[in-house]
Structures are given as C-alpha cells and as structure tokens.
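Student: Before I ask anything, let me first share the structure, which is written out below as structure tokens.
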Amino acid sequence: MLLSSLFKDIPYTLLAGSIDIPVTGIAFDSREVEPGSLFIAIAGFTVDGHDFTAKAVELGAAAILVERDVTVEGPVTVLKVEDTRAAMARLAAAFYGNPSDQLQVIGVTGTNGKTSSAYFIKSILEESGQTMGVIGTIGALAGGRALATRSTTPTTPESLHLQHMFADMKESGVTSCVMEVSSHALSLHRAAATNFRIGVFTNLTPDHLELHRTMEDYFEAKAMLFDMTTEANVINLDDEYGVKLAERLKDREARLVTYGIEATAEVYATDIRLEADHTFYIAHTPEGSIDISVKLPGLIYVYNSLAAVACAYAAGIHPSHIAKGIRAVSSIKGRLEVVYQDEDRKVVVDFAHTEDGLEKALTTLKPFTKGRLILVFGVYAAPGELGSPKRSAMGKVAAQYADLSIVTSDNPKNQDPDAIIAEVSAVVAAEGGQYIGIVDRKEAIRHAIDISRKDDVILIAGKGHETTQVIGKTEIPFNEAEIVQEWISGKA
Ligand SMILES: CC(=O)N[C@H]1[C@@H](OP(=O)(O)OP(=O)(O)OC[C@H]2O[C@@H](n3ccc(=O)[nH]c3=O)[C@H](O)[C@@H]2O)O[C@H](CO)[C@@H](O)[C@@H]1O[C@H](C)C(=O)N[C@@H](C)C(=O)N[C@H](CCC(=O)O)C(=O)O
Ligand SMILES: Nc1ncnc2c1ncn2[C@@H]1O[C@H](COP(=O)(O)OP(=O)(O)OP(=O)(O)O)[C@@H](O)[C@H]1O
C-alpha cells in the first residue's frame, strides 16, 4: 500500500523523504518492525516510542511517524502529526480497508457489567442467526475461533490490533461484533475510526481514577463512545451518570433507548425473582413483554441482561430470540462462577475489583448463605494517595458484608503487598469487621477452605477469569478454580 494513500485524509507535515513510497505493514513497537513498515512513535506512560526510531530504522522501517521533532538517520520518510495515537487509529482502519464498516459493531462501556452484558448480547444475536465476534476482558472470538491475544492485551486492544481483529472477523464471515470499550481505550484513541452502530452504557462508579483523576473526566471519557454511534444509544437510567448521558443524547440522530428497573425507562423489568443460582423477570419493551430466565444470581444480572434486551430491541431482534439467547448463557468465566460445591460448602470466584462490584457480589451471595460469608480479596491500585481511596472503600464494603475477610494480594506489581494489606486491614478493623491478613494469595485461598464449616460460602474476589498474578515484574500462573479444586481434593 502507498504511504500517500494511507495519509489521504490525515493532515501531516513531511519532515524527510517522500510520501510516494510503498509500506508493507504498520508497527507501534520498534521490536515488531519488519522491512518496509511504517513505525509509529507513541509517547507512553513508561517510555517514549520516539526514543526507538533508530532501532526501527535498523530493522528496516520505510517510514516513521512522530508527534515531535526527532533526528532520524537513514533513507526513511519521516512524517509528523499532532497526536500519533489518534493518527494510528485512522491509519490502521485505512490499512485494513475500514473493516468495521462491514460489521455491525456494538460497543459496551461502563465501570462494571461490560463483559456479562456483551456475552448476553452475543448469545441473543447468535440466536437470531448472526455470526458473532467478541472483544473484551476475557478474550477475543471470531465465530467459534479464539483470536490471538497476549496476557498484556488490554480489554480494548490498541487500534492497530483492533482493526486487524475486525479485518480477520470480516474474512471469517462474522456479521456482528460486540466489544467492551474501556475508558482508557476511549481516552487513548484505541477505538477511534471504528464504525459503532450501537453503544451501550451500563453504569459509572469510581475506578481508574489514576488515569482520569476525577469522576467527571472518567464520565467524559466514557461518553466519547456515544459521539461515534450511528444507530442507537442504549443507556441505563437507574445510574445517575446514565441519566446525565441520556439527557445529552436525546436529540442525537442515533436513537436513544433507555432501560432500568427503578426509573421510568423504555425497556424495564418487573416481577423480579432472585434465587440462589437463577434470576427471573419480565422484560417490557415497546414490542411486547418477554419472560426472562437468567442462569446467574442477583440483581446485577438483571441489569446486565436487561442491557442486552434493550440493545437487542434497538437492533430489531425478535422477542423470542431475546428470551432464548439469554437462557442459553449458562455461566461466564470468573463472574460469580461456582468453582466448587458440595453439601457442606460452596466456593465462588468473581472478578469484583471495584467497591461497587465487591458490594454487589457480596450482597448477591449473602441472602442465600446459611453459614458465614468468607471473603478472600486484595486491592490492586495506584500507589500512595491515588490508591488509598480504593483500599479504604473496598475495606469498608468487606467489613460491612463479609463475616470474615481474608485480606491478601491482588496484582501487587511493583508495590509492597504487605503495605497494601495493612492499609486495607486497618479499614476492615476500624469498621468492626473480622479479618486475617495473608500475603500469599494461594495460601489465603487454602486457609479459607481449611477454616470453612458447614453452610459457609467462600467468595474469592478480584481476579475472576485471570490466569496469572503479577508480582514485581513477574507474571506467575494463577488459576483460582484449579487451586480450589486441587486443595479440596487433596492433590496440592
Ligand atoms: C496505562 C496504559 O493504558 N498503558 C498503555 C500504554 O502503555 P505505556 O504508555 O506504558 O507504553 P510504554 O511502555 O510507555 O511504551 C510507549 C511506546 O513505546 C513503544 N516501545 C517500547 C519499548 C521498545 O523497546 N520499543 C518501543 O517501540 C511501545 O510499544 C509503545 O508504543 O500504551 C501501550 C501501547 O500503546 C499499551 O499497550 C498500554 O496498555 C497496557 C497494556 C495496560 O495495562 N493498559 C491498561 C491500564 C488498560 O488499558 N486497561 C483498560 C481498562 C480495563 C477495564 O478495567 O475495563 C483496558 O482497556 O484494558
Ligand atoms: N451491573 C453491575 N453493577 C455492579 N457490579 C457489577 C455489575 N455487573 C457485574 N458486576 C461486578 O463487577 C465484576 C466485573 O463484571 P464484568 O466483568 O461484567 O464488568 P466489566 O465492566 O467487564 O469489568 P472490566 O472492564 O474491569 O473487565 C463482576 O465480577 C461483578 O462482581
């Protein structure tokens, strides 16, 4: 492909060389440059890609894209734009032939509930005959095939990888793709240049404030998704930020579809029946009422499945497909997943890693727990001042709802796990909760099992579907379902 055609609609300054040269690929990491490719320098949070231009030239880059002046030695074309991340999204879309134009892309954003809402949407659309792609926290799929990702691939991949995934989906006959769109991705332009037909907003509660600093900034980042949608915006009106968003979107060309339980919304739920492992309700849409049966417990799965009902309604899906699609979801990896159960005890793994998520997970299990509710959890977060509010909020929730908290490590990364545990434990104690601190997460899980008695429920919160733990710079294998099963069966 000619570099000039890639830059057809992108303003740039030519610093060196010619624009009329062919490029064979695009890379934003110098280590992945191949001869003939365009290297895009990104100023990162830890290093600056502009420092690796020489490496890119050494590996054969034909062109370099920068956002600040750099001296590049060698016979290469050098172009400058205002923002290389924003340009990368457009270049990637152009390089892969704007694949999202040929897919029905549905974006799901919000603090919690994106993964499960996306899986309900996938199931309903499959029921209606679509071949589905999925991109999110628990991986990427094109039809039944898993797309290659790395353990470091974010929930919403970098734009170059995202557009490649869309192209791959299109080649594999995928007709519609539901993807989780994180606030990081929106702020860092990863999802820019994507043709979103429908956007779904689940809720907004404190998280990721290390990047966004204030709830208002966090909200504005999430709201960016709805500037890109062309057909419908599906918004939870029971969330205060959802109300604010709906107000902003009511006169847009993309149709507004609201949902909720408490608020007066276009799609709403009544006759909610919560059981230990199932949830039932009637969903009301302007097209009629639908009996919904969800094979997951708690009000959060009423919300997450209702988001999918509203999205399917907005997409014109027949009610019978909606009911069947939701019924077909039997479990979602790491989302209130029962990893062990016998007549004495039950062990549940859940991805709850925010104050709101932890409260919802505990209050879902509590009414059906005859014995004690034992919580194993840790808090990953930014260090010092930035991390403290999260540690404090999660400690309070644990003290309020768990009968015993085993405070342990999450992904301590380069922070001192003992210091995090001490900070969380102090809050649990101050709030009158019972706690034990055990730094080794595997030991903490084993201890919870050892002390559990008849009718106790153990909730292991924070890592959900994840299969590794990051301590320092090392990523160690960590599969909670296996740890539980091996310890109980005496194999460990
Ligand atoms: C905080 C954050 O978003 N970080 C992203 C950011 O990393 P960074 O700025 O630290 O990158 P960096 O390491 O400084 O490198 C800068 C540039 O130099 C390049 N480089 C680096 C080394 C080298 O030898 N050569 C070279 O060219 C890198 O490839 C990169 O392009 O830019 C990188 C490349 O653009 C991303 O991969 C990386 O996401 C990492 C994987 C990450 O963990 N992100 C998380 C925080 C995230 O995005 N989470 C959200 C939220 C999930 C949710 O809770 O919903 C998500 O979407 O997953
Ligand atoms: N609607 C909801 N409201 C509050 N908490 C929820 C809701 N849905 C799920 N949760 C809790 O949050 C956790 C994460 O849920 P889920 O994976 O669906 O969210 P997510 O938005 O994809 O999260 P992430 O982006 O961090 O991957 C769940 O394990 C559950 O404890």
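Going by the structure tokens order, chains are called A, B, ..., each with residues numbered from 1, while ligands are numbered from 1 in the order shown.
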Among segment 90-172 of chain A, which residues does DSSP mark as strand (DSSP E or B) when it is run on the backbone? Keep the chain and numbering as in the structure and answer as a PyMOL selection string.
Tutor: chain A and resi 104-109+132-136+139-142+145-146
Student: With N, CA and C atoms retained, export the selected residues as a compact mmCIF listing (two decimals), in the first residue's frame.
Tutor:
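New file result.txt:
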```txt
# COMPACT_ATOMS: atom_id res chain seq x y z
N GLN A 104 -21.63 -5.16 12.01
CA GLN A 104 -22.48 -4.39 12.92
C GLN A 104 -21.72 -4.35 14.26
N VAL A 105 -21.02 -3.25 14.51
CA VAL A 105 -20.22 -3.20 15.75
C VAL A 105 -21.05 -2.57 16.88
N ILE A 106 -21.10 -3.29 18.01
CA ILE A 106 -21.83 -2.81 19.19
C ILE A 106 -20.78 -2.59 20.28
N GLY A 107 -20.70 -1.38 20.82
CA GLY A 107 -19.73 -1.09 21.88
C GLY A 107 -20.43 -1.03 23.22
N VAL A 108 -19.83 -1.69 24.22
CA VAL A 108 -20.41 -1.66 25.57
C VAL A 108 -19.42 -0.96 26.49
N THR A 109 -19.87 0.09 27.17
CA THR A 109 -18.98 0.75 28.11
C THR A 109 -19.66 0.93 29.46
N MET A 132 -21.08 -14.14 15.29
CA MET A 132 -20.63 -13.09 16.19
C MET A 132 -19.12 -13.04 16.41
N GLY A 133 -18.63 -11.84 16.52
CA GLY A 133 -17.30 -11.60 17.04
C GLY A 133 -17.44 -10.99 18.42
N VAL A 134 -16.46 -11.23 19.28
CA VAL A 134 -16.47 -10.63 20.62
C VAL A 134 -15.07 -10.14 20.93
N ILE A 135 -14.96 -8.96 21.55
CA ILE A 135 -13.65 -8.46 22.01
C ILE A 135 -13.84 -7.92 23.42
N GLY A 136 -13.04 -8.43 24.36
CA GLY A 136 -13.21 -7.92 25.72
C GLY A 136 -12.24 -8.51 26.70
N GLY A 139 -11.08 -12.13 26.40
CA GLY A 139 -10.50 -12.58 25.14
C GLY A 139 -11.27 -12.08 23.93
N ALA A 140 -10.86 -12.59 22.77
CA ALA A 140 -11.49 -12.17 21.52
C ALA A 140 -11.84 -13.41 20.70
N LEU A 141 -13.03 -13.39 20.12
CA LEU A 141 -13.52 -14.53 19.35
C LEU A 141 -14.04 -14.06 18.00
N ALA A 142 -13.81 -14.88 16.97
CA ALA A 142 -14.43 -14.64 15.66
C ALA A 142 -15.23 -15.89 15.37
N ARG A 145 -13.90 -19.21 16.87
CA ARG A 145 -12.43 -19.24 16.90
C ARG A 145 -11.87 -18.14 17.79
N ALA A 146 -10.90 -18.54 18.65
CA ALA A 146 -10.26 -17.53 19.51
C ALA A 146 -9.22 -16.78 18.69
```
Student: Once you count only C-alpha atoms and all ligand atoms, what closest atom pair and distance in Å to one decimal does each residue of chain A within 7 Å of ligand 2 have, with rows by chain and rising residue number, as CSV?
Tutor:
```
residue,atom,partner,partner_atom_place_in_ligand_line,distance
A:Gly110,CA,ligand 2,21 (O),5.9
A:Thr111,CA,ligand 2,21 (O),5.0
A:Asn112,CA,ligand 2,21 (O),3.4
A:Gly113,CA,ligand 2,18 (O),3.3
A:Lys114,CA,ligand 2,21 (O),3.6
A:Thr115,CA,ligand 2,22 (O),3.7
A:Ser116,CA,ligand 2,18 (O),4.2
A:Ser117,CA,ligand 2,18 (O),6.6
A:Thr137,CA,ligand 2,27 (O),4.9
A:Thr155,CA,ligand 2,27 (O),6.6
A:Glu180,CA,ligand 2,22 (O),7.0
A:Ser182,CA,ligand 2,25 (O),6.4
A:Thr202,CA,ligand 2,1 (N),6.4
A:Asn203,CA,ligand 2,3 (N),6.8
A:Ile300,CA,ligand 2,1 (N),4.4
A:Tyr301,CA,ligand 2,8 (N),6.5
A:Tyr303,CA,ligand 2,1 (N),5.5
A:Asn304,CA,ligand 2,1 (N),5.4
A:Gly334,CA,ligand 2,29 (O),6.7
A:Arg335,CA,ligand 2,29 (O),4.5
A:Leu336,CA,ligand 2,29 (O),6.3
A:Asp350,CA,ligand 2,29 (O),4.5
A:Phe351,CA,ligand 2,29 (O),3.6
A:Ala352,CA,ligand 2,31 (O),3.7
A:His353,CA,ligand 2,13 (C),6.5
A:Asp356,CA,ligand 2,4 (C),5.5
A:Gly357,CA,ligand 2,5 (N),3.7
A:Leu358,CA,ligand 2,31 (O),5.6
A:Lys360,CA,ligand 2,5 (N),5.4
A:Ala361,CA,ligand 2,31 (O),4.7
A:Gly464,CA,ligand 2,29 (O),6.6
```
Student: When DSSP is applied to the backbone of this structure, which of segment 245-476 of chain A are assigned helix (DSSP H, G or I)? Write them out as number ranges by chain.
Tutor: A: 245-249, 299-314, 319-327, 355-368, 384-401, 417-430, 441-451
Student: Let me see if you get this right: every residue at most 7 Å from ligand 1, counting only C-alpha atoms and all ligand atoms, written as number ranges by chain.
Tutor: A: 28-31, 41-49, 52, 111, 137, 152-158, 181-185
Student: Could you check how far atom CA of Ala308 of chain A sits from atom CA of Lys170 of chain A, in Å to one decimal?
Tutor: 23.1 Å
